[in-house]
>>> print(open('upload.cif').read())   # mmCIF, C-alpha atoms and all ligand atoms
data_protein
loop_
_atom_site.label_atom_id
_atom_site.label_comp_id
_atom_site.auth_asym_id
_atom_site.auth_seq_id
_atom_site.Cartn_x
_atom_site.Cartn_y
_atom_site.Cartn_z
CA MET A 1 6.12 -2.31 17.97
CA SER A 2 3.63 -3.17 20.64
CA ASN A 3 0.60 -0.97 19.97
CA LYS A 4 -1.76 -3.34 18.32
CA PRO A 5 -3.97 -2.26 15.45
CA LYS A 6 -7.69 -1.74 16.12
CA VAL A 7 -8.77 -3.56 13.01
CA SER A 8 -12.39 -4.13 14.03
CA GLY A 9 -13.35 -0.53 13.17
CA PHE A 10 -11.80 -0.56 9.70
CA MET A 11 -14.94 -1.96 8.10
CA ASN A 12 -16.60 1.43 8.68
CA TYR A 13 -14.15 3.05 6.29
CA LEU A 14 -15.12 0.77 3.41
CA ARG A 15 -17.96 1.05 0.94
CA LYS A 16 -19.64 -2.11 2.18
CA GLU A 17 -21.80 -2.52 -0.89
CA ARG A 18 -18.67 -2.98 -2.99
CA ILE A 19 -16.99 -5.74 -1.03
CA PRO A 20 -15.71 -8.45 -1.27
CA THR A 21 -13.12 -6.75 -3.44
CA ILE A 22 -12.35 -7.85 -6.97
CA PHE A 23 -8.81 -8.80 -5.86
CA CYS A 24 -7.68 -12.42 -6.14
CA ALA A 25 -7.43 -14.54 -2.99
CA GLY A 26 -4.29 -13.60 -1.08
CA CYS A 27 -3.50 -10.47 -3.14
CA GLY A 28 -1.48 -7.99 -1.10
CA ASN A 29 -3.71 -5.04 -1.99
CA GLY A 30 -6.14 -5.77 0.85
CA THR A 31 -3.40 -5.79 3.45
CA VAL A 32 -2.21 -2.43 2.14
CA ILE A 33 -5.73 -1.04 2.65
CA ASN A 34 -5.69 -2.23 6.28
CA THR A 35 -2.29 -0.71 6.97
CA PHE A 36 -3.46 2.56 5.45
CA PHE A 37 -6.42 2.71 7.87
CA ASN A 38 -4.12 1.87 10.74
CA ALA A 39 -1.75 4.67 9.69
CA MET A 40 -4.57 7.14 9.21
CA GLU A 41 -5.79 6.50 12.75
CA MET A 42 -2.27 6.83 14.15
CA ALA A 43 -1.81 10.11 12.31
CA GLU A 44 -5.23 11.23 13.60
CA LEU A 45 -6.47 12.09 10.14
CA SER A 46 -10.00 11.67 8.90
CA LEU A 47 -11.33 10.40 5.58
CA ASP A 48 -13.35 13.64 5.42
CA ASN A 49 -10.19 15.55 4.60
CA ILE A 50 -8.49 12.89 2.48
CA SER A 51 -8.67 12.80 -1.27
CA MET A 52 -7.40 9.66 -2.99
CA VAL A 53 -6.12 9.53 -6.52
CA SER A 54 -5.17 6.43 -8.48
CA GLY A 55 -4.25 5.40 -12.00
CA ILE A 56 -4.79 2.05 -13.70
CA GLY A 57 -3.92 -1.37 -12.37
CA CYS A 58 -5.12 -3.69 -9.65
CA SER A 59 -3.85 -1.52 -6.80
CA SER A 60 -5.37 1.54 -8.43
CA ARG A 61 -8.80 0.07 -7.64
CA ILE A 62 -8.14 0.54 -3.92
CA PRO A 63 -9.66 4.07 -3.56
CA GLY A 64 -12.94 2.82 -5.07
CA TYR A 65 -13.52 0.70 -1.97
CA ILE A 66 -12.89 3.52 0.50
CA LYS A 67 -15.44 6.05 1.77
CA CYS A 68 -13.72 9.26 0.76
CA ASP A 69 -13.40 11.57 -2.22
CA SER A 70 -11.45 9.82 -4.92
CA LEU A 71 -10.36 10.19 -8.50
CA HIS A 72 -9.68 7.11 -10.66
CA THR A 73 -7.62 8.50 -13.51
CA THR A 74 -5.82 7.38 -16.65
CA HIS A 75 -2.86 5.02 -16.79
CA GLY A 76 0.27 6.49 -15.24
CA ARG A 77 -1.27 9.89 -14.51
CA PRO A 78 -2.49 9.81 -10.90
CA ILE A 79 0.33 12.06 -9.70
CA ALA A 80 -0.45 14.62 -12.39
CA PHE A 81 -4.12 14.69 -11.32
CA ALA A 82 -3.12 14.69 -7.65
CA THR A 83 -0.96 17.76 -8.31
CA GLY A 84 -4.09 19.56 -9.47
CA VAL A 85 -6.13 18.36 -6.49
CA LYS A 86 -3.46 19.52 -4.03
CA LEU A 87 -2.86 22.91 -5.62
CA GLY A 88 -6.58 23.59 -5.93
CA ASN A 89 -7.22 22.50 -2.32
CA PRO A 90 -3.95 23.03 -0.47
CA ASP A 91 -5.53 22.01 2.87
CA MET A 92 -6.51 18.53 1.71
CA ASP A 93 -4.48 15.43 2.51
CA VAL A 94 -3.90 13.97 -0.94
CA VAL A 95 -3.01 10.30 -1.15
CA VAL A 96 -2.03 8.47 -4.33
CA PHE A 97 -2.43 4.71 -4.73
CA THR A 98 -0.40 3.40 -7.61
CA GLY A 99 1.43 0.28 -8.74
CA ASP A 100 4.87 -0.39 -10.17
CA GLY A 101 3.64 -0.31 -13.76
CA ASP A 102 1.52 2.79 -13.25
CA ALA A 103 4.10 4.79 -11.26
CA ALA A 104 7.39 3.69 -12.74
CA ALA A 105 6.69 2.87 -16.40
CA ILE A 106 4.03 5.04 -18.00
CA GLY A 107 3.96 7.49 -15.07
CA GLY A 108 7.70 7.61 -14.41
CA ASN A 109 8.09 11.24 -15.39
CA HIS A 110 5.24 12.44 -13.20
CA LEU A 111 6.77 10.54 -10.31
CA ILE A 112 10.22 12.07 -10.50
CA HIS A 113 8.97 15.57 -11.13
CA ALA A 114 6.50 15.58 -8.24
CA ALA A 115 9.38 14.35 -6.06
CA ARG A 116 11.63 17.08 -7.45
CA ARG A 117 9.06 19.73 -6.56
CA ASN A 118 8.55 18.21 -3.13
CA LEU A 119 4.81 18.57 -3.53
CA ASP A 120 2.90 17.48 -0.42
CA LEU A 121 1.49 14.14 -1.61
CA THR A 122 1.59 10.73 0.04
CA VAL A 123 2.26 8.20 -2.68
CA ILE A 124 1.73 4.56 -1.76
CA CYS A 125 3.21 2.39 -4.46
CA VAL A 126 2.14 -1.25 -4.31
CA ASN A 127 5.05 -2.94 -6.05
CA ASN A 128 4.27 -6.51 -7.08
CA SER A 129 6.84 -6.57 -9.90
CA ILE A 130 4.33 -7.34 -12.62
CA TYR A 131 1.33 -6.01 -14.55
CA GLY A 132 -1.44 -8.01 -12.88
CA MET A 133 -4.56 -6.52 -14.42
CA THR A 134 -3.45 -6.86 -18.03
CA GLY A 135 -2.25 -10.44 -17.87
CA GLY A 136 1.19 -10.64 -16.29
CA GLN A 137 3.68 -8.61 -18.35
CA ILE A 138 7.01 -7.61 -16.77
CA SER A 139 7.22 -4.15 -15.25
CA PRO A 140 10.17 -1.81 -14.61
CA THR A 141 10.62 -3.40 -11.18
CA SER A 142 10.55 -7.08 -12.20
CA PRO A 143 13.72 -8.73 -10.94
CA LYS A 144 16.30 -9.83 -13.51
CA GLY A 145 15.54 -13.37 -14.62
CA SER A 146 11.91 -13.28 -13.56
CA PHE A 147 9.27 -14.85 -15.76
CA ALA A 148 6.21 -13.16 -17.16
CA SER A 149 4.00 -13.46 -20.20
CA THR A 150 6.38 -11.09 -22.03
CA THR A 151 9.56 -12.79 -20.76
CA PRO A 152 9.03 -16.53 -21.27
CA TYR A 153 12.82 -17.07 -21.00
CA GLY A 154 13.39 -14.67 -18.11
CA ALA A 155 13.78 -10.88 -17.91
CA LEU A 156 17.12 -9.48 -19.10
CA GLU A 157 16.71 -5.93 -17.84
CA ALA A 158 17.87 -4.50 -14.54
CA PRO A 159 14.93 -3.32 -12.43
CA PHE A 160 14.45 0.15 -10.99
CA ASP A 161 15.10 0.57 -7.29
CA LEU A 162 12.08 2.83 -6.77
CA ALA A 163 12.95 4.04 -3.28
CA LYS A 164 16.39 5.09 -4.52
CA LEU A 165 15.04 6.68 -7.67
CA VAL A 166 12.55 8.83 -5.78
CA SER A 167 15.10 9.71 -3.08
CA GLY A 168 17.48 10.91 -5.77
CA ALA A 169 14.71 12.93 -7.40
CA GLY A 170 14.10 14.96 -4.23
CA ALA A 171 11.37 13.30 -2.14
CA THR A 172 11.50 14.24 1.53
CA TYR A 173 10.17 10.99 3.02
CA VAL A 174 10.92 7.61 1.44
CA SER A 175 10.37 4.22 3.01
CA ARG A 176 10.08 0.61 1.86
CA TRP A 177 8.34 -2.33 3.56
CA THR A 178 6.47 -5.42 2.49
CA THR A 179 3.00 -6.81 3.15
CA VAL A 180 4.57 -9.22 5.66
CA HIS A 181 5.50 -6.21 7.82
CA PRO A 182 2.09 -4.61 8.47
CA LEU A 183 3.06 -2.73 11.63
CA PRO A 184 6.27 -1.02 10.44
CA LEU A 185 4.46 -0.41 7.16
CA SER A 186 1.59 1.33 8.99
CA ASN A 187 4.13 3.42 10.81
CA ALA A 188 5.82 4.41 7.55
CA ILE A 189 2.49 5.42 6.00
CA LYS A 190 1.76 7.45 9.12
CA LYS A 191 5.08 9.28 8.77
CA GLY A 192 4.33 9.81 5.09
CA LEU A 193 0.93 11.30 5.90
CA GLN A 194 2.47 13.62 8.48
CA ASN A 195 5.39 14.73 6.33
CA LYS A 196 4.82 18.12 4.74
CA GLY A 197 6.32 17.26 1.36
CA PHE A 198 6.56 14.44 -1.15
CA SER A 199 6.30 11.10 0.63
CA PHE A 200 6.83 7.80 -1.11
CA ILE A 201 6.06 4.50 0.54
CA GLU A 202 7.02 1.48 -1.53
CA VAL A 203 5.18 -1.67 -0.50
CA ILE A 204 6.62 -4.90 -1.87
CA SER A 205 3.51 -6.98 -2.38
CA GLN A 206 2.39 -10.33 -3.73
CA CYS A 207 0.50 -11.04 -6.93
CA PRO A 208 -0.05 -14.78 -6.59
CA THR A 209 -2.11 -14.96 -9.77
CA TYR A 210 0.57 -13.72 -12.16
CA PHE A 211 3.97 -13.19 -10.56
CA GLY A 212 3.54 -16.18 -8.28
CA ARG A 213 2.22 -18.54 -10.91
CA LYS A 214 4.86 -17.58 -13.48
CA ASN A 215 7.71 -17.78 -10.99
CA ARG A 216 6.91 -21.09 -9.33
CA MET A 217 5.47 -19.70 -6.15
CA ARG A 218 2.08 -21.26 -6.03
CA SER A 219 0.36 -19.27 -3.32
CA ALA A 220 0.24 -15.94 -1.57
CA VAL A 221 1.62 -17.63 1.54
CA GLU A 222 4.62 -18.97 -0.34
CA MET A 223 5.33 -15.52 -1.77
CA MET A 224 5.01 -13.89 1.64
CA LYS A 225 7.39 -16.41 3.18
CA TYR A 226 9.85 -15.58 0.41
CA MET A 227 9.52 -11.85 1.15
CA LYS A 228 10.02 -12.50 4.83
CA THR A 229 13.19 -14.55 4.41
CA HIS A 230 14.63 -12.21 1.77
CA SER A 231 14.09 -8.96 3.67
CA VAL A 232 16.89 -7.10 5.42
CA VAL A 233 16.46 -3.89 7.40
CA LYS A 234 18.61 -1.00 6.25
CA LYS A 235 20.75 -0.92 9.37
CA LYS A 236 21.76 -4.54 8.92
CA ALA A 237 22.16 -4.17 5.15
CA LYS A 238 24.83 -1.51 5.72
CA LYS A 239 27.09 -4.16 7.21
CA MET A 240 26.57 -6.62 4.37
CA SER A 241 28.57 -7.02 1.16
CA GLU A 242 27.11 -6.55 -2.30
CA GLU A 243 27.10 -10.30 -2.89
CA GLU A 244 25.29 -10.93 0.34
CA LEU A 245 22.68 -8.35 -0.62
CA GLU A 246 22.04 -9.94 -4.03
CA GLY A 247 18.30 -10.65 -4.34
CA LYS A 248 17.50 -9.11 -0.96
CA ILE A 249 14.76 -6.57 -0.26
CA ILE A 250 16.15 -3.69 1.80
CA LEU A 251 13.63 -2.21 4.22
CA GLY A 252 13.38 0.97 6.24
CA ASP A 253 13.36 4.74 5.89
CA PHE A 254 15.68 5.92 3.14
CA VAL A 255 15.04 9.63 3.42
CA ASN A 256 13.40 11.80 6.06
CA ARG A 257 14.25 15.47 5.62
CA ASN A 258 12.74 18.86 5.92
CA TRP A 259 12.83 20.77 2.63
CA PRO A 260 10.58 23.61 1.41
CA GLU A 261 7.28 22.26 0.10
CA PHE A 262 5.88 23.29 -3.28
CA SER A 263 2.21 24.09 -2.52
CA GLU A 264 3.21 26.19 0.47
CA MET A 265 5.76 28.13 -1.55
CA LEU A 266 3.27 28.63 -4.36
CA CYS A 267 0.53 29.87 -2.00
CA GLU A 268 2.95 32.28 -0.38
CA GLN A 269 4.05 33.59 -3.74
CA VAL A 270 0.48 34.07 -4.95
CA ASN A 271 -0.48 35.82 -1.71
CA GLU A 272 2.45 38.13 -2.03
CA LYS A 273 2.46 38.90 -5.75
CA SER A 274 -1.11 38.53 -6.98
CA GLU A 275 -3.57 41.36 -6.48
CA LYS A 276 -6.42 38.90 -6.06
CA GLY A 277 -4.96 37.05 -3.10
CA LEU A 278 -4.80 33.30 -2.70
CA ILE A 279 -8.43 32.25 -2.32
CA ASP A 280 -9.63 34.39 -5.20
CA ALA A 281 -6.81 33.16 -7.37
CA ILE A 282 -7.75 29.54 -6.71
CA LYS A 283 -11.44 30.19 -7.28
CA SER A 284 -11.04 32.47 -10.29
CA ALA A 285 -11.35 29.61 -12.75
CA TYR A 286 -14.80 28.80 -11.37
CA LYS A 287 -15.89 32.45 -11.33
CA THR A 288 -15.35 32.99 -15.02
CA ASP A 289 -17.20 29.75 -15.73
CA LEU A 290 -20.34 30.95 -13.98
CA MET B 1 -13.87 -14.79 20.30
CA ILE B 2 -12.67 -14.92 16.73
CA LYS B 3 -15.19 -14.45 13.95
CA ILE B 4 -14.54 -15.25 10.31
CA ASP B 5 -16.95 -13.62 7.86
CA GLN B 6 -17.94 -16.38 5.44
CA ASN B 7 -18.92 -13.88 2.79
CA LEU B 8 -15.57 -12.11 2.81
CA CYS B 9 -12.99 -14.88 3.35
CA LYS B 10 -11.34 -16.06 0.15
CA GLY B 11 -9.43 -18.90 1.78
CA CYS B 12 -5.92 -17.57 1.14
CA ASP B 13 -4.50 -19.18 4.31
CA ILE B 14 -2.48 -16.11 5.29
CA CYS B 15 -4.00 -16.11 8.78
CA THR B 16 -3.37 -19.84 9.22
CA GLU B 17 0.30 -19.52 8.25
CA PHE B 18 1.26 -16.26 9.92
CA CYS B 19 -0.41 -16.51 13.34
CA ARG B 20 2.54 -17.14 15.62
CA LYS B 21 0.34 -19.13 18.00
CA ASN B 22 -1.02 -21.52 15.38
CA VAL B 23 -4.56 -20.67 16.33
CA TYR B 24 -6.05 -21.56 12.94
CA GLU B 25 -6.39 -24.71 10.93
CA PRO B 26 -7.90 -24.81 7.47
CA SER B 27 -11.31 -26.43 7.36
CA LYS B 28 -11.50 -29.83 5.70
CA THR B 29 -14.65 -28.99 3.83
CA LEU B 30 -15.54 -26.32 1.32
CA ASN B 31 -18.17 -23.75 2.18
CA ARG B 32 -20.92 -22.59 -0.16
CA LYS B 33 -18.56 -20.25 -1.97
CA GLY B 34 -15.98 -22.96 -2.56
CA VAL B 35 -13.60 -21.74 0.13
CA TYR B 36 -11.76 -23.72 2.81
CA LEU B 37 -12.42 -21.37 5.73
CA PRO B 38 -9.85 -21.08 8.50
CA VAL B 39 -11.08 -22.53 11.78
CA PRO B 40 -9.78 -21.06 15.05
CA VAL B 41 -9.10 -24.38 16.76
CA ASN B 42 -6.57 -23.27 19.40
CA ILE B 43 -8.46 -20.24 20.51
CA GLU B 44 -7.15 -20.38 24.08
CA GLU B 45 -3.64 -19.73 22.70
CA CYS B 46 -4.73 -16.47 21.04
CA LYS B 47 -2.81 -13.42 22.29
CA LYS B 48 -5.24 -10.99 20.62
CA CYS B 49 -2.35 -9.34 18.82
CA ASN B 50 -4.57 -8.70 15.77
CA LEU B 51 -1.80 -9.67 13.35
CA CYS B 52 -4.13 -12.07 11.52
CA ALA B 53 -6.79 -9.37 11.28
CA ILE B 54 -4.51 -6.71 9.80
CA LEU B 55 -2.90 -9.20 7.41
CA CYS B 56 -6.23 -10.58 6.17
CA PRO B 57 -6.57 -8.99 2.71
CA ASP B 58 -10.34 -9.25 2.92
CA LEU B 59 -10.94 -7.92 6.42
CA ALA B 60 -12.77 -11.16 7.20
CA ILE B 61 -11.41 -11.62 10.73
CA THR B 62 -12.70 -10.02 13.93
CA VAL B 63 -10.74 -10.78 17.05
CA GLU B 64 -12.86 -9.70 20.00
CA GLU B 65 -11.50 -8.68 23.37
CA ASP B 66 -12.83 -10.87 26.17
CA HIS B 67 -15.34 -9.07 28.34
CA GLU B 68 -14.54 -9.35 32.00
S1 LIG A 301 -3.90 -10.09 -10.65
FE1 LIG A 301 -2.36 -10.01 -9.05
S2 LIG A 301 -2.30 -7.87 -8.38
FE2 LIG A 301 -4.20 -8.19 -9.53
S3 LIG A 301 -5.75 -8.68 -7.97
FE3 LIG A 301 -4.93 -10.63 -8.73
S4 LIG A 301 -3.25 -11.11 -7.32
FE4 LIG A 301 -3.74 -8.94 -7.04
S1 LIG A 302 -4.90 -12.32 17.26
FE1 LIG A 302 -2.75 -12.94 17.07
S2 LIG A 302 -2.61 -14.80 18.29
FE2 LIG A 302 -4.78 -14.43 17.96
S3 LIG A 302 -5.29 -15.65 16.14
FE3 LIG A 302 -4.74 -13.60 15.42
S4 LIG A 302 -2.55 -13.68 14.96
FE4 LIG A 302 -3.06 -15.46 16.21
S1 LIG A 303 -6.45 -14.26 5.81
FE1 LIG A 303 -8.61 -13.66 5.63
S2 LIG A 303 -9.21 -14.26 3.56
FE2 LIG A 303 -7.30 -15.33 4.02
S3 LIG A 303 -7.97 -17.31 4.84
FE3 LIG A 303 -7.68 -15.96 6.59
S4 LIG A 303 -9.72 -15.09 6.96
FE4 LIG A 303 -9.76 -15.96 4.91
#
>>> encode(input="upload.cif", output="structure tokens")
Amino acid sequence: MSNKPKVSGFMNYLRKERIPTIFCAGCGNGTVINTFFNAMEMAELSLDNISMVSGIGCSSRIPGYIKCDSLHTTHGRPIAFATGVKLGNPDMDVVVFTGDGDAAAIGGNHLIHAARRNLDLTVICVNNSIYGMTGGQISPTSPKGSFASTTPYGALEAPFDLAKLVSGAGATYVSRWTTVHPLPLSNAIKKGLQNKGFSFIEVISQCPTYFGRKNRMRSAVEMMKYMKTHSVVKKKAKKMSEEELEGKIILGDFVNRNWPEFSEMLCEQVNEKSEKGLIDAIKSAYKTDL
Amino acid sequence: MIKIDQNLCKGCDICTEFCRKNVYEPSKTLNRKGVYLPVPVNIEECKKCNLCAILCPDLAITVEEDHE
């Protein structure tokens, strides 16, 4: 990809009084913020029409640094809140920032059901394979054998393949990249923003402070080099055997399809069946409050 | 021109390691915040690809286009 990102303007999208961020040196969260801005510009969207929702965890602090409407919710529930935001304001671009613990453990049910409904949300899941904020416990995506404060002898469980899980549940755009691939990642977020339906972008990211330290990778750079050498694009992965793919991170678009979207179907139904019509139906809750 | 914002850089070395042109070298001395700032020593090699800037988790790098 040759079109180079115009990073110099990204500072204008941040709440300057809140930076530097709370994130540790070399944490992948910051790179994910940059790729989001790059994607937003490519998709020609504006922060004025974007609403960000997040749960709990390091990556869930991302929206707090960005100059747009945002909702910092309870652990695991950002997709549930985002469902409300989208259905109450069907014209808004609703973006969810979540982590592997937030989206796949406590929020796992919300994730699969929003995918099943094909609700028009763009979910960016920063997957660093560990609970960073709470002190380095394993998460549902920690690789087998990985060390964490809750697995001093190595994890025994098989991890979730999030991209596969969400594809199976019914998402209409699913892609996976890492923080070492900022340009294809920006492009994937752009496609996610443009897709009318449930979009899931999994970003494999580094948590040097917990995952790195516990798994003998001492720095963000070391972790990123590992991600780089262990990544395989989907096209190439198709030609490889299961043994060859052991421990590899498969990258690319997993799903890109055009299925009926939930908020659109709901609005149509309300318009057709309800005597009030769509706008009145949406606003009726406020009216009775007044 | 490459500018590194002293207040934002956390010294993670990502720019130093991932610039394909080896433009940066880590400073040998700590700054006031206790960070080894990257120093753009081989600036004439810079292709202005902005990879370092988009990778920098703290948006500390500005790579300026040369003005003709
Ligand atoms: S604990 Fe890990 S995920 Fe959290 S800010 Fe630090 S490096 Fe990032
Ligand atoms: S713009 Fe590209 S070539 Fe120049 S310092 Fe940054 S990464 Fe290196
Ligand atoms: S990538 Fe950014 S924060 Fe890290 S050393 Fe370079 S300028 Fe500093």
>>> interface_residues(input="upload.cif", of="chain A", to="chain B", cutoff="10 Å", atoms="all atoms listed in the file", output="ChimeraX atom specification")
/A:2-11,19-21,23-35,37-38,179-183,219-222,224-225
>>> atom_distance(input="upload.cif", atom1="atom CA of A:Thr229", atom2="atom CA of A:Thr134")
29.0 Å
>>> atom_distance(input="upload.cif", atom1="atom CA of A:Arg213", atom2="atom CA of A:Ile201")
26.0 Å
>>> residues_around(input="upload.cif", residues="A:Leu156", least_positions_apart="4", cutoff="10 Å", atoms="all atoms listed in the file", output="list in words")
Ser142, Pro143, Lys144, Gly145, Ser146 and Thr151 of chain A
>>> axis_aligned_box(input="upload.cif", around="ligand LIG 302 (chain A)", padding_each_side="8 Å", output="AutoDock Vina command-line options")
--center_x -3.9 --center_y -14.0 --center_z 16.6 --size_x 18.7 --size_y 19.3 --size_z 19.3
>>> closest_residue(input="upload.cif", among="A:Leu111, A:Ala171, A:Ile22, A:Cys207", to="ligand LIG 301 (chain A)", atoms="only C-alpha atoms and all ligand atoms")
A:Cys207
>>> closest_residue(input="upload.cif", among="B:Cys19, B:Glu44, B:Thr29, B:Met1", to="ligand LIG 303 (chain A)", atoms="only C-alpha atoms and all ligand atoms")
B:Cys19
>>> closest_residue(input="upload.cif", among="A:Lys238, A:Ala163, A:Tyr226, A:Glu202", to="A:Val255", atoms="all atoms listed in the file")
A:Ala163
>>> closest_residue(input="upload.cif", among="B:Glu65, B:Arg20, B:Lys3, B:Glu25", to="B:Val41", atoms="all atoms listed in the file")
B:Glu25
>>> closest_residue(input="upload.cif", among="A:Val126, A:Val85, A:Val174, A:Ala104", to="ligand LIG 301 (chain A)", atoms="only C-alpha atoms and all ligand atoms")
A:Val126
>>> residues_around(input="upload.cif", residues="A:Ile279", least_positions_apart="6", cutoff="10 Å", atoms="all atoms listed in the file", output="PyMOL selection string")
chain A and resi 88-89+267+270-271
>>> write_last_selection(input="upload.cif", atoms="C-alpha atoms", output="mmCIF file, in the coordinates of the input")
data_model
loop_
_atom_site.group_PDB
_atom_site.id
_atom_site.type_symbol
_atom_site.label_atom_id
_atom_site.label_comp_id
_atom_site.auth_asym_id
_atom_site.auth_seq_id
_atom_site.Cartn_x
_atom_site.Cartn_y
_atom_site.Cartn_z
ATOM 1 C CA GLY A 88 -6.580 23.590 -5.930
ATOM 2 C CA ASN A 89 -7.220 22.500 -2.320
ATOM 3 C CA CYS A 267 0.530 29.870 -2.000
ATOM 4 C CA VAL A 270 0.480 34.070 -4.950
ATOM 5 C CA ASN A 271 -0.480 35.820 -1.710
#
>>> atom_distance(input="upload.cif", atom1="atom CA of A:Tyr173", atom2="atom CA of A:Val96")
14.5 Å
